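Asks: My structure is stored as model30.tsv, with TSV, C-alpha atoms.
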```tsv
chain	number	residue	atom	x	y	z
A	96	MET	CA	0.00	0.00	0.00
A	97	THR	CA	1.55	3.25	-1.10
A	98	THR	CA	-1.10	5.78	-0.20
A	99	HIS	CA	-0.42	7.96	2.78
A	100	ASP	CA	-3.84	8.82	4.11
A	101	ALA	CA	-5.88	6.81	6.53
A	102	PRO	CA	-8.35	4.37	4.99
A	103	VAL	CA	-11.86	5.72	4.57
A	104	HIS	CA	-15.10	4.44	6.10
A	105	ASP	CA	-14.35	0.75	6.14
A	106	ARG	CA	-16.76	-1.73	7.51
A	107	PRO	CA	-15.64	-2.94	10.91
A	108	THR	CA	-12.91	-5.53	10.76
A	109	LEU	CA	-12.46	-8.40	13.13
A	110	ASP	CA	-9.52	-9.51	15.15
A	111	GLY	CA	-7.85	-12.85	14.70
A	112	SER	CA	-10.15	-14.58	17.18
A	113	ALA	CA	-12.61	-14.80	14.29
A	114	LEU	CA	-10.36	-17.47	12.81
A	115	ALA	CA	-10.92	-19.97	15.58
A	116	GLY	CA	-13.75	-21.91	13.99
A	117	LEU	CA	-12.48	-21.63	10.45
A	118	LEU	CA	-8.96	-22.83	11.13
A	119	SER	CA	-10.03	-25.51	13.57
A	120	GLU	CA	-11.05	-27.42	10.46
A	121	VAL	CA	-7.49	-27.23	9.18
A	122	TYR	CA	-5.31	-27.41	12.25
A	123	ALA	CA	-5.82	-29.56	15.27
A	124	PHE	CA	-4.45	-26.89	17.61
A	125	ASP	CA	-6.02	-23.53	18.34
A	126	ALA	CA	-4.58	-21.64	15.41
A	127	THR	CA	-5.41	-18.27	16.89
A	128	LEU	CA	-2.72	-18.93	19.50
A	129	ALA	CA	-0.12	-19.80	16.89
A	130	VAL	CA	2.59	-17.19	16.43
A	131	VAL	CA	3.12	-15.75	12.96
A	132	ARG	CA	5.95	-13.62	11.64
A	133	CYS	CA	5.00	-11.16	8.91
A	134	ALA	CA	7.22	-11.68	5.86
A	135	SER	CA	6.87	-8.00	4.94
A	136	CYS	CA	7.70	-6.14	8.15
A	137	GLY	CA	8.85	-8.83	10.55
A	138	HIS	CA	6.14	-8.12	13.11
A	139	THR	CA	5.65	-11.25	15.20
A	140	ASP	CA	2.50	-11.93	17.17
A	141	VAL	CA	-0.27	-14.46	17.70
A	142	PHE	CA	-2.87	-14.76	14.95
A	143	ALA	CA	-5.49	-13.61	17.41
A	144	ARG	CA	-4.08	-10.10	17.17
A	145	ALA	CA	-4.02	-9.96	13.36
A	146	THR	CA	-6.70	-8.13	11.38
A	147	VAL	CA	-9.22	-10.31	9.59
A	148	TYR	CA	-11.37	-9.38	6.60
A	149	LEU	CA	-14.08	-12.01	6.38
A	150	THR	CA	-15.48	-11.85	2.86
A	151	ALA	CA	-17.76	-14.10	0.90
A	152	MET	CA	-14.77	-15.07	-1.25
A	153	GLY	CA	-12.53	-15.95	1.65
A	154	ALA	CA	-10.91	-14.80	4.86
A	155	VAL	CA	-7.97	-12.46	4.43
A	156	VAL	CA	-5.72	-12.11	7.46
A	157	ARG	CA	-3.50	-9.04	7.51
A	158	CYS	CA	-0.60	-7.93	9.68
A	159	ALA	CA	-1.86	-5.55	12.35
A	160	THR	CA	1.28	-3.45	11.89
A	161	CYS	CA	1.79	-3.07	8.12
A	162	THR	CA	-1.51	-4.51	6.71
A	163	ALA	CA	0.35	-6.98	4.47
A	164	VAL	CA	-1.53	-10.21	3.81
A	165	LEU	CA	-0.39	-12.98	6.15
A	166	LEU	CA	-2.88	-15.71	5.37
A	167	VAL	CA	-5.80	-16.36	3.04
A	168	VAL	CA	-8.40	-19.05	3.63
A	169	VAL	CA	-10.71	-19.91	0.74
A	170	GLU	CA	-13.46	-22.43	1.38
A	171	ARG	CA	-13.52	-24.26	-1.92
A	172	PRO	CA	-16.06	-26.98	-2.67
A	173	ASP	CA	-13.28	-29.55	-2.28
A	174	GLY	CA	-12.21	-28.20	1.11
A	175	PRO	CA	-10.63	-25.11	2.63
A	176	ARG	CA	-7.41	-23.90	1.02
A	177	VAL	CA	-4.97	-21.98	3.18
A	178	SER	CA	-2.24	-19.81	1.70
A	179	ALA	CA	0.35	-18.50	4.11
A	180	SER	CA	2.66	-16.91	1.56
A	181	GLY	CA	2.78	-13.68	3.55
A	182	ALA	CA	3.99	-15.41	6.67
A	183	ALA	CA	7.72	-15.92	7.16
A	184	TRP	CA	6.81	-18.68	9.57
A	185	VAL	CA	4.02	-19.97	11.77
A	186	GLN	CA	4.73	-21.58	15.12
A	187	ALA	CA	2.15	-23.79	16.76
A	188	PRO	CA	1.38	-23.00	20.38
A	189	GLY	CA	3.54	-24.93	22.81
A	190	GLY	CA	2.09	-27.63	24.95
B	297	MET	CA	-21.98	-7.45	-22.15
B	298	ALA	CA	-25.67	-8.09	-21.87
B	299	VAL	CA	-28.06	-5.46	-23.11
B	300	VAL	CA	-30.57	-4.66	-20.42
B	301	THR	CA	-34.20	-3.73	-20.94
B	302	ARG	CA	-35.29	-2.04	-17.77
B	303	GLY	CA	-38.55	-3.13	-16.25
B	304	PHE	CA	-40.05	-1.58	-13.14
B	305	GLY	CA	-36.92	0.13	-11.97
B	306	GLY	CA	-34.90	-2.87	-13.01
B	307	ARG	CA	-35.82	-4.63	-9.79
B	308	ARG	CA	-36.69	-8.01	-11.20
B	309	PRO	CA	-35.40	-9.84	-14.20
B	310	GLU	CA	-37.81	-9.97	-17.07
B	311	PRO	CA	-38.77	-13.51	-18.00
B	312	GLU	CA	-36.45	-13.52	-20.96
B	313	HIS	CA	-33.60	-11.96	-18.99
B	314	GLU	CA	-31.02	-14.65	-18.49
B	315	ILE	CA	-28.60	-14.70	-15.63
B	316	PRO	CA	-25.60	-17.03	-15.40
B	317	PRO	CA	-26.07	-20.41	-13.72
B	318	GLY	CA	-25.89	-20.45	-9.94
B	319	GLN	CA	-26.63	-16.73	-9.60
B	320	PHE	CA	-29.45	-14.87	-7.84
B	321	VAL	CA	-30.56	-11.31	-8.55
B	322	THR	CA	-30.05	-8.65	-5.91
B	323	ASP	CA	-30.95	-4.97	-5.77
B	324	ASP	CA	-28.15	-4.36	-3.28
B	325	PHE	CA	-24.56	-3.68	-4.17
B	326	PRO	CA	-22.66	-5.85	-1.68
B	327	VAL	CA	-19.17	-4.71	-0.77
B	328	LEU	CA	-16.38	-7.27	-0.84
B	329	SER	CA	-13.08	-5.89	0.34
B	330	ALA	CA	-10.07	-8.01	1.19
B	331	GLY	CA	-8.30	-5.13	2.89
B	332	PRO	CA	-8.51	-1.52	4.00
B	333	THR	CA	-10.25	0.83	1.58
B	334	PRO	CA	-7.52	3.05	0.11
B	335	ASN	CA	-8.13	6.76	0.32
B	336	VAL	CA	-6.92	7.84	-3.12
B	337	ASP	CA	-7.32	11.53	-3.70
B	338	GLU	CA	-7.86	12.48	-7.33
B	339	SER	CA	-4.96	14.96	-7.11
B	340	ARG	CA	-2.61	12.03	-6.42
B	341	TRP	CA	-4.37	9.44	-8.59
B	342	GLU	CA	-2.43	8.08	-11.53
B	343	LEU	CA	-2.99	5.20	-13.92
B	344	THR	CA	0.04	3.59	-15.54
B	345	VAL	CA	0.02	1.09	-18.39
B	346	ARG	CA	3.35	-0.72	-18.57
B	347	THR	CA	4.19	-2.89	-21.55
B	348	GLU	CA	6.16	-6.12	-21.57
B	349	THR	CA	9.26	-4.11	-22.50
B	350	GLY	CA	8.90	-1.93	-19.42
B	351	GLU	CA	7.71	1.17	-21.25
B	352	GLY	CA	5.13	3.06	-19.22
B	353	THR	CA	2.35	5.45	-20.15
B	354	SER	CA	0.60	7.33	-17.37
B	355	TRP	CA	-2.54	9.40	-17.05
B	356	SER	CA	-3.36	11.84	-14.28
B	357	TRP	CA	-6.97	12.23	-13.18
B	358	GLU	CA	-7.19	15.44	-15.24
B	359	GLN	CA	-5.88	13.62	-18.30
B	360	LEU	CA	-8.33	10.75	-17.78
B	361	MET	CA	-11.22	13.21	-17.57
B	362	ALA	CA	-10.11	14.79	-20.85
B	363	LEU	CA	-10.51	11.50	-22.71
B	364	PRO	CA	-13.81	10.59	-24.37
B	365	ALA	CA	-16.04	8.77	-21.87
B	366	GLU	CA	-18.84	6.30	-22.51
B	367	ASP	CA	-22.05	5.45	-20.67
B	368	VAL	CA	-22.35	1.73	-20.04
B	369	GLU	CA	-25.42	-0.21	-18.93
B	370	THR	CA	-24.67	-3.76	-17.96
B	371	ASP	CA	-25.38	-6.65	-15.62
B	372	ILE	CA	-22.65	-7.58	-13.16
B	373	HIS	CA	-22.05	-11.00	-11.65
B	374	CYS	CA	-20.13	-11.74	-8.46
B	375	VAL	CA	-18.56	-15.15	-7.90
B	376	THR	CA	-20.33	-15.21	-4.51
B	377	HIS	CA	-23.57	-15.83	-6.46
B	378	TRP	CA	-25.19	-12.42	-6.65
B	379	SER	CA	-25.98	-10.68	-9.90
B	380	LYS	CA	-27.08	-7.07	-10.23
B	381	LEU	CA	-28.99	-6.14	-13.34
B	382	GLY	CA	-28.99	-2.97	-15.38
B	383	THR	CA	-26.21	-1.15	-13.56
B	384	THR	CA	-25.08	2.10	-15.18
B	385	TRP	CA	-21.52	3.32	-15.30
B	386	ARG	CA	-19.48	6.02	-16.99
B	387	GLY	CA	-15.86	5.53	-17.90
B	388	VAL	CA	-13.14	5.52	-20.50
B	389	SER	CA	-12.92	2.49	-22.76
B	390	LEU	CA	-9.73	0.46	-22.58
B	391	ASP	CA	-9.75	0.69	-26.39
B	392	THR	CA	-9.12	4.41	-25.96
B	393	LEU	CA	-6.45	4.02	-23.28
B	394	LEU	CA	-4.56	1.30	-25.12
B	395	ALA	CA	-4.95	2.73	-28.63
B	396	ASP	CA	-1.39	4.06	-28.83
B	397	VAL	CA	0.27	1.40	-26.69
B	398	GLU	CA	2.62	-0.80	-28.71
B	399	THR	CA	2.48	-4.35	-27.41
B	400	SER	CA	2.42	-7.96	-28.45
B	401	ALA	CA	1.50	-9.10	-24.94
B	402	GLU	CA	-1.40	-11.48	-24.42
B	403	PHE	CA	-2.03	-11.03	-20.71
B	404	VAL	CA	-2.59	-8.21	-18.26
B	405	MET	CA	-2.15	-7.85	-14.54
B	406	ALA	CA	-4.43	-5.16	-13.14
B	407	ARG	CA	-2.92	-3.52	-10.07
B	408	SER	CA	-4.76	-1.51	-7.47
B	409	TYR	CA	-3.98	1.02	-4.79
B	410	GLY	CA	-3.81	-1.12	-1.67
B	411	GLY	CA	-1.97	-3.95	-3.42
B	412	TYR	CA	-4.83	-5.95	-4.95
B	413	THR	CA	-4.11	-7.67	-8.26
B	414	THR	CA	-6.11	-9.64	-10.81
B	415	ASN	CA	-5.10	-11.17	-14.13
B	416	LEU	CA	-6.94	-11.09	-17.44
B	417	PRO	CA	-6.25	-11.88	-21.09
B	418	LEU	CA	-5.57	-8.64	-22.98
B	419	GLN	CA	-8.21	-9.50	-25.58
B	420	ASP	CA	-10.86	-9.38	-22.84
B	421	LEU	CA	-10.07	-5.72	-22.26
B	422	LEU	CA	-10.49	-4.70	-25.91
B	423	ASP	CA	-13.29	-4.34	-28.44
B	424	GLY	CA	-15.74	-2.55	-26.19
B	425	GLN	CA	-15.53	-5.05	-23.32
B	426	ALA	CA	-13.80	-3.04	-20.59
B	427	TRP	CA	-13.63	0.45	-19.10
B	428	VAL	CA	-11.92	2.49	-16.43
B	429	ALA	CA	-15.11	3.51	-14.67
B	430	PHE	CA	-15.41	6.59	-12.48
B	431	GLU	CA	-19.18	6.99	-12.12
B	432	PHE	CA	-21.84	4.56	-10.89
B	433	GLU	CA	-25.55	5.34	-11.31
B	434	GLY	CA	-24.72	8.93	-12.24
B	435	GLU	CA	-22.58	9.66	-9.17
B	436	PRO	CA	-18.84	9.66	-8.61
B	437	LEU	CA	-17.74	6.15	-7.75
B	438	ASP	CA	-17.75	5.67	-3.99
B	439	PRO	CA	-14.42	4.52	-2.50
B	440	VAL	CA	-16.01	1.35	-1.10
B	441	HIS	CA	-16.96	0.41	-4.65
B	442	GLY	CA	-13.53	1.25	-6.02
B	443	GLY	CA	-13.50	5.01	-6.42
B	444	PRO	CA	-12.12	7.15	-7.68
B	445	ALA	CA	-11.77	4.68	-10.58
B	446	ARG	CA	-12.08	0.94	-11.05
B	447	LEU	CA	-11.73	-1.50	-13.87
B	448	LEU	CA	-15.09	-2.61	-15.30
B	449	VAL	CA	-15.05	-5.94	-17.15
B	450	PRO	CA	-18.66	-7.04	-16.80
B	451	HIS	CA	-18.50	-10.20	-18.89
B	452	LEU	CA	-16.27	-11.82	-16.25
B	453	TYR	CA	-16.92	-12.41	-12.54
B	454	PHE	CA	-16.72	-9.10	-10.77
B	455	TRP	CA	-13.49	-9.78	-8.86
B	456	LYS	CA	-11.82	-9.15	-12.22
B	457	SER	CA	-13.15	-5.57	-12.18
B	458	ALA	CA	-10.37	-4.36	-9.90
B	459	LYS	CA	-11.30	-1.58	-7.53
B	460	TRP	CA	-8.97	1.42	-6.96
B	461	LEU	CA	-7.18	0.78	-10.23
B	462	ARG	CA	-3.68	2.19	-10.48
B	463	GLY	CA	-2.01	0.18	-13.23
B	464	LEU	CA	-2.16	-2.38	-15.99
B	465	ASP	CA	0.96	-4.45	-16.60
B	466	LEU	CA	1.01	-6.10	-20.04
B	467	MET	CA	2.64	-9.54	-19.95
B	468	ASP	CA	3.74	-12.17	-22.47
B	469	ASP	CA	2.89	-14.97	-20.06
B	470	GLU	CA	-0.05	-15.43	-17.76
B	471	ASP	CA	0.53	-14.72	-14.10
B	472	LEU	CA	-2.06	-15.05	-11.33
B	473	GLY	CA	-3.58	-12.24	-9.30
B	474	PHE	CA	-4.65	-12.20	-5.66
B	475	TRP	CA	-7.76	-14.39	-5.67
B	476	GLU	CA	-6.47	-16.49	-8.56
B	477	GLN	CA	-3.40	-17.44	-6.51
B	478	ASN	CA	-5.74	-18.50	-3.75
B	479	GLY	CA	-7.81	-21.00	-5.67
B	480	TYR	CA	-10.15	-18.95	-7.85
B	481	HIS	CA	-10.33	-19.46	-11.59
B	482	ALA	CA	-7.73	-17.79	-13.81
B	483	TYR	CA	-10.39	-16.57	-16.28
B	484	GLY	CA	-13.72	-16.46	-14.43
B	485	ASP	CA	-16.48	-16.73	-17.05
B	486	PRO	CA	-19.79	-16.55	-15.14
B	487	TRP	CA	-21.71	-18.26	-17.93
B	488	LEU	CA	-19.41	-21.29	-17.57
B	489	GLU	CA	-19.40	-21.04	-13.75
B	490	GLN	CA	-15.63	-20.76	-13.70
B	491	ARG	CA	-15.49	-20.01	-10.00
B	492	TYR	CA	-12.56	-22.12	-8.82
B	493	ALA	CA	-9.38	-23.30	-10.48
```
Just dump the structure as structure tokens.
Replies:
Amino acid sequence: MTTHDAPVHDRPTLDGSALAGLLSEVYAFDATLAVVRCASCGHTDVFARATVYLTAMGAVVRCATCTAVLLVVVERPDGPRVSASGAAWVQAPGG
Amino acid sequence: MAVVTRGFGGRRPEPEHEIPPGQFVTDDFPVLSAGPTPNVDESRWELTVRTETGEGTSWSWEQLMALPAEDVETDIHCVTHWSKLGTTWRGVSLDTLLADVETSAEFVMARSYGGYTTNLPLQDLLDGQAWVAFEFEGEPLDPVHGGPARLLVPHLYFWKSAKWLRGLDLMDDEDLGFWEQNGYHAYGDPWLEQRYA
């Protein structure tokens, strides 16, 4: 994003807790407690504190610091597809 | 592009009005945004067409407004199953914008303020099939719907009509845009229900 002004009148976004149900289908652990490092800015935090745009096409999870896309979940007819190309790494919560 | 005969305010499809398979008609204009809505002031807005050789041609908002514009009435179809009939737009045809651009490219990556991308074949942007639209229903295009200007390619699913358009990169080889990388169809013909790859 190269514009310098604040975004205008967006619909309310959700925090990463909204991912709990969706990602429980994919990962056995509570994915919202997994730690993710943003590949763009290096910000490292639990998914629960990321910003989530839940759309009818898919869930787009963005870094709370730089707004880069961390994760996309698309619920295809053949099952949910998760792309984490914006994440440098994801660490499952420790036992 | 379908030609629309308006009925009672265009609220319901006439019996002969076909919509693509799997779609329902809505009077609403749902907003689907995968990120923050960019606040792109017209004084800073710029559209750049870059060819496969790297040569760029840019238009400021003032220059875009100086080009001949067209009124377009068309149905639009979202991959999330809604269709909206008889929408009216005003914009500059891609035939006009690309008229003096020398290229042998076959594909285009549309790029938006905010980082969104979507890919299309170049031939789908030509011959009266696509516009850079800046008005919707007679009003300046609202930022939530892609203002100040969005791509309008109504014969494909509406995710191809990139909001907040800032550039068109012409490419020899097909590359995939944002939703296409994430499992949606590379072309997206609503009449063939090309929703997923």
Asks: So, with all atoms listed in the file as the atoms that count, which of A:Cys133, A:Leu128, A:Val141, A:Val169 lies closest to Ala330 (chain B)?
Replies: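 Ranking A:Cys133, A:Leu128, A:Val141, A:Val169 by distance to Ala330 (chain B), first place goes to A:Val169.
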Asks: Restricting the calculation to all atoms listed in the file: of A:Ala179, A:Cys161, A:Ala129, A:Val155, which residue gets closest to chain B?
Replies: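 Under the stated criterion, the closest residue is A:Val155.
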Asks: Report as a tab-separated table: every residue of chain B with an atom at most 10 Å from chain A, its closest pair of atoms, and their distance in Å to one decimal, counting only C-alpha atoms, with rows sorted by chain and ascending residue number.
Replies:
```
residue	atom	partner	partner_atom	distance
B:Pro326	CA	A:Ala151	CA	9.9
B:Val327	CA	A:Thr150	CA	8.8
B:Leu328	CA	A:Thr150	CA	6.0
B:Ser329	CA	A:Thr150	CA	6.9
B:Ala330	CA	A:Tyr148	CA	5.7
B:Gly331	CA	A:Tyr148	CA	6.4
B:Pro332	CA	A:Pro102	CA	6.0
B:Thr333	CA	A:Pro102	CA	5.3
B:Pro334	CA	A:Pro102	CA	5.1
B:Asn335	CA	A:Pro102	CA	5.3
B:Val336	CA	A:Thr98	CA	6.8
B:Asp337	CA	A:Asp100	CA	9.0
B:Arg340	CA	A:Thr98	CA	8.9
B:Trp341	CA	A:Thr98	CA	9.7
B:Cys374	CA	A:Met152	CA	9.6
B:Val375	CA	A:Met152	CA	7.7
B:Thr376	CA	A:Ala151	CA	6.1
B:His377	CA	A:Ala151	CA	9.5
B:Ser408	CA	A:Met96	CA	9.0
B:Tyr409	CA	A:Met96	CA	6.3
B:Gly410	CA	A:Met96	CA	4.3
B:Gly411	CA	A:Met96	CA	5.6
B:Tyr412	CA	A:Met96	CA	9.1
B:Pro439	CA	A:Val103	CA	7.6
B:Val440	CA	A:Asp105	CA	7.5
B:Trp455	CA	A:Met152	CA	9.4
B:Phe474	CA	A:Val167	CA	9.7
B:Trp475	CA	A:Met152	CA	8.3
B:Gln477	CA	A:Ser178	CA	8.6
B:Asn478	CA	A:Ser178	CA	6.6
B:Gly479	CA	A:Val169	CA	7.1
B:Tyr480	CA	A:Arg171	CA	8.6
B:Arg491	CA	A:Arg171	CA	9.3
B:Tyr492	CA	A:Arg171	CA	7.3
B:Ala493	CA	A:Arg171	CA	9.6
```
Asks: I need the residue nearest Phe454 (chain B) from this list: B:Thr322, B:Thr384, B:Gln419, B:Ser379. Use only C-alpha atoms for the distance.
Replies: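 Selected residue with least distance to Phe454 (chain B): B:Ser379.
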Asks: Which of these, A:Ala115, A:Thr139, A:Ala145, A:Ala159, has the shortest distance to Trp184 (chain A) once you count all atoms listed in the file?
Replies: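 Nearest to Trp184 (chain A): A:Thr139.
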Asks: Distance CA of Leu165 (chain A)-CA of Ala182 (chain A), one decimal place?
Replies: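 Rounded to one decimal, the two atoms are 5.0 Å apart.
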Asks: In Å, how far is it from CA of Gly318 (chain B) to CA of Pro417 (chain B)?
Replies: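 Between CA of Gly318 (chain B) and CA of Pro417 (chain B) the gap is 24.2 Å.
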Asks: One decimal, Å: what's the distance from CA of Gly434 (chain B) over to CA of Leu421 (chain B), could you say?
Replies: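 A separation of 23.0 Å between them.
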Asks: Which residues, written as a list in words, have at least one atom at most 6 Å from Val130 (chain A), with all atoms listed in the file counted and residues fewer than 5 positions away on the same chain left out?
Replies: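 My list of contacting residues is Asp140, Val141, Val185 and Gln186 of chain A.
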Asks: Which of these residues is nearest to Glu351 (chain B), using all atoms listed in the file: B:Thr370, B:Glu433, B:Ile315, B:Leu464?
Replies: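 Closest to Glu351 (chain B), using all atoms listed in the file: B:Leu464.
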Asks: Give me the residues near region 355-363 of chain B as number ranges by chain, where near means some atom within 6 Å (using all atoms listed in the file) and where sequence neighbours in that chain fewer than 2 positions away do not count.
Replies: B: 338, 341-343
Asks: Can you tell me, as a VMD selection string, what residues are no more than 6 Å from region 424-432 of chain B when counting all atoms listed in the file, ignoring any on the same chain fewer than 4 positions away?
Replies: chain B and resid 384 to 390 436 to 437 444 to 449
Asks: Pick out the closest residue to Ala187 (chain A) from this set: A:Asp110, A:Phe124, A:Ser135, A:Gly174. Count only C-alpha atoms.
Replies: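 The shortest atom-to-atom distance to Ala187 (chain A) comes from A:Phe124.
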Asks: Could you write region 160-169 of chain A as a short mmCIF file (atom, residue, chain, number, x, y, z; two decimals), keeping the file's coordinate frame, with all heavy atoms rebuilt where they are missing?
Replies:
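Final file, part-v7.cif:
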```
data_model
loop_
_atom_site.label_atom_id
_atom_site.label_comp_id
_atom_site.auth_asym_id
_atom_site.auth_seq_id
_atom_site.Cartn_x
_atom_site.Cartn_y
_atom_site.Cartn_z
N THR A 160 0.32 -4.55 11.94
CA THR A 160 1.28 -3.45 11.89
C THR A 160 1.37 -2.82 10.51
O THR A 160 1.27 -1.61 10.35
CB THR A 160 2.67 -3.93 12.33
OG1 THR A 160 2.58 -4.40 13.67
CG2 THR A 160 3.70 -2.82 12.24
N CYS A 161 1.54 -3.64 9.46
CA CYS A 161 1.79 -3.07 8.12
C CYS A 161 0.66 -3.38 7.14
O CYS A 161 0.74 -2.93 5.99
CB CYS A 161 3.13 -3.58 7.58
SG CYS A 161 3.10 -5.29 7.02
N THR A 162 -0.34 -4.11 7.51
CA THR A 162 -1.51 -4.51 6.71
C THR A 162 -1.18 -5.48 5.57
O THR A 162 -2.06 -5.81 4.77
CB THR A 162 -2.31 -3.31 6.12
OG1 THR A 162 -1.62 -2.77 5.00
CG2 THR A 162 -2.58 -2.24 7.17
N ALA A 163 0.04 -5.97 5.50
CA ALA A 163 0.35 -6.98 4.47
C ALA A 163 -0.47 -8.26 4.73
O ALA A 163 -0.79 -8.57 5.87
CB ALA A 163 1.84 -7.30 4.48
N VAL A 164 -0.76 -8.97 3.67
CA VAL A 164 -1.53 -10.21 3.81
C VAL A 164 -0.65 -11.30 4.41
O VAL A 164 0.43 -11.59 3.90
CB VAL A 164 -2.07 -10.67 2.45
CG1 VAL A 164 -2.78 -12.01 2.59
CG2 VAL A 164 -3.01 -9.63 1.86
N LEU A 165 -1.10 -11.87 5.52
CA LEU A 165 -0.39 -12.98 6.15
C LEU A 165 -0.91 -14.32 5.67
O LEU A 165 -0.16 -15.26 5.41
CB LEU A 165 -0.57 -12.92 7.68
CG LEU A 165 -0.03 -11.71 8.41
CD1 LEU A 165 -0.50 -11.74 9.86
CD2 LEU A 165 1.49 -11.71 8.36
N LEU A 166 -2.24 -14.41 5.57
CA LEU A 166 -2.88 -15.71 5.37
C LEU A 166 -4.19 -15.48 4.62
O LEU A 166 -4.88 -14.49 4.86
CB LEU A 166 -3.17 -16.31 6.75
CG LEU A 166 -3.62 -17.75 6.87
CD1 LEU A 166 -2.38 -18.64 6.89
CD2 LEU A 166 -4.41 -17.96 8.16
N VAL A 167 -4.50 -16.39 3.72
CA VAL A 167 -5.80 -16.36 3.04
C VAL A 167 -6.42 -17.74 3.16
O VAL A 167 -5.74 -18.75 2.95
CB VAL A 167 -5.65 -15.98 1.55
CG1 VAL A 167 -7.02 -15.95 0.86
CG2 VAL A 167 -4.96 -14.63 1.39
N VAL A 168 -7.67 -17.78 3.54
CA VAL A 168 -8.40 -19.05 3.63
C VAL A 168 -9.59 -18.97 2.68
O VAL A 168 -10.45 -18.11 2.83
CB VAL A 168 -8.90 -19.32 5.06
CG1 VAL A 168 -9.54 -20.70 5.14
CG2 VAL A 168 -7.77 -19.20 6.07
N VAL A 169 -9.60 -19.85 1.69
CA VAL A 169 -10.71 -19.91 0.74
C VAL A 169 -11.41 -21.26 0.93
O VAL A 169 -10.77 -22.31 0.86
CB VAL A 169 -10.21 -19.76 -0.71
CG1 VAL A 169 -11.33 -20.06 -1.71
CG2 VAL A 169 -9.67 -18.36 -0.93
#
```
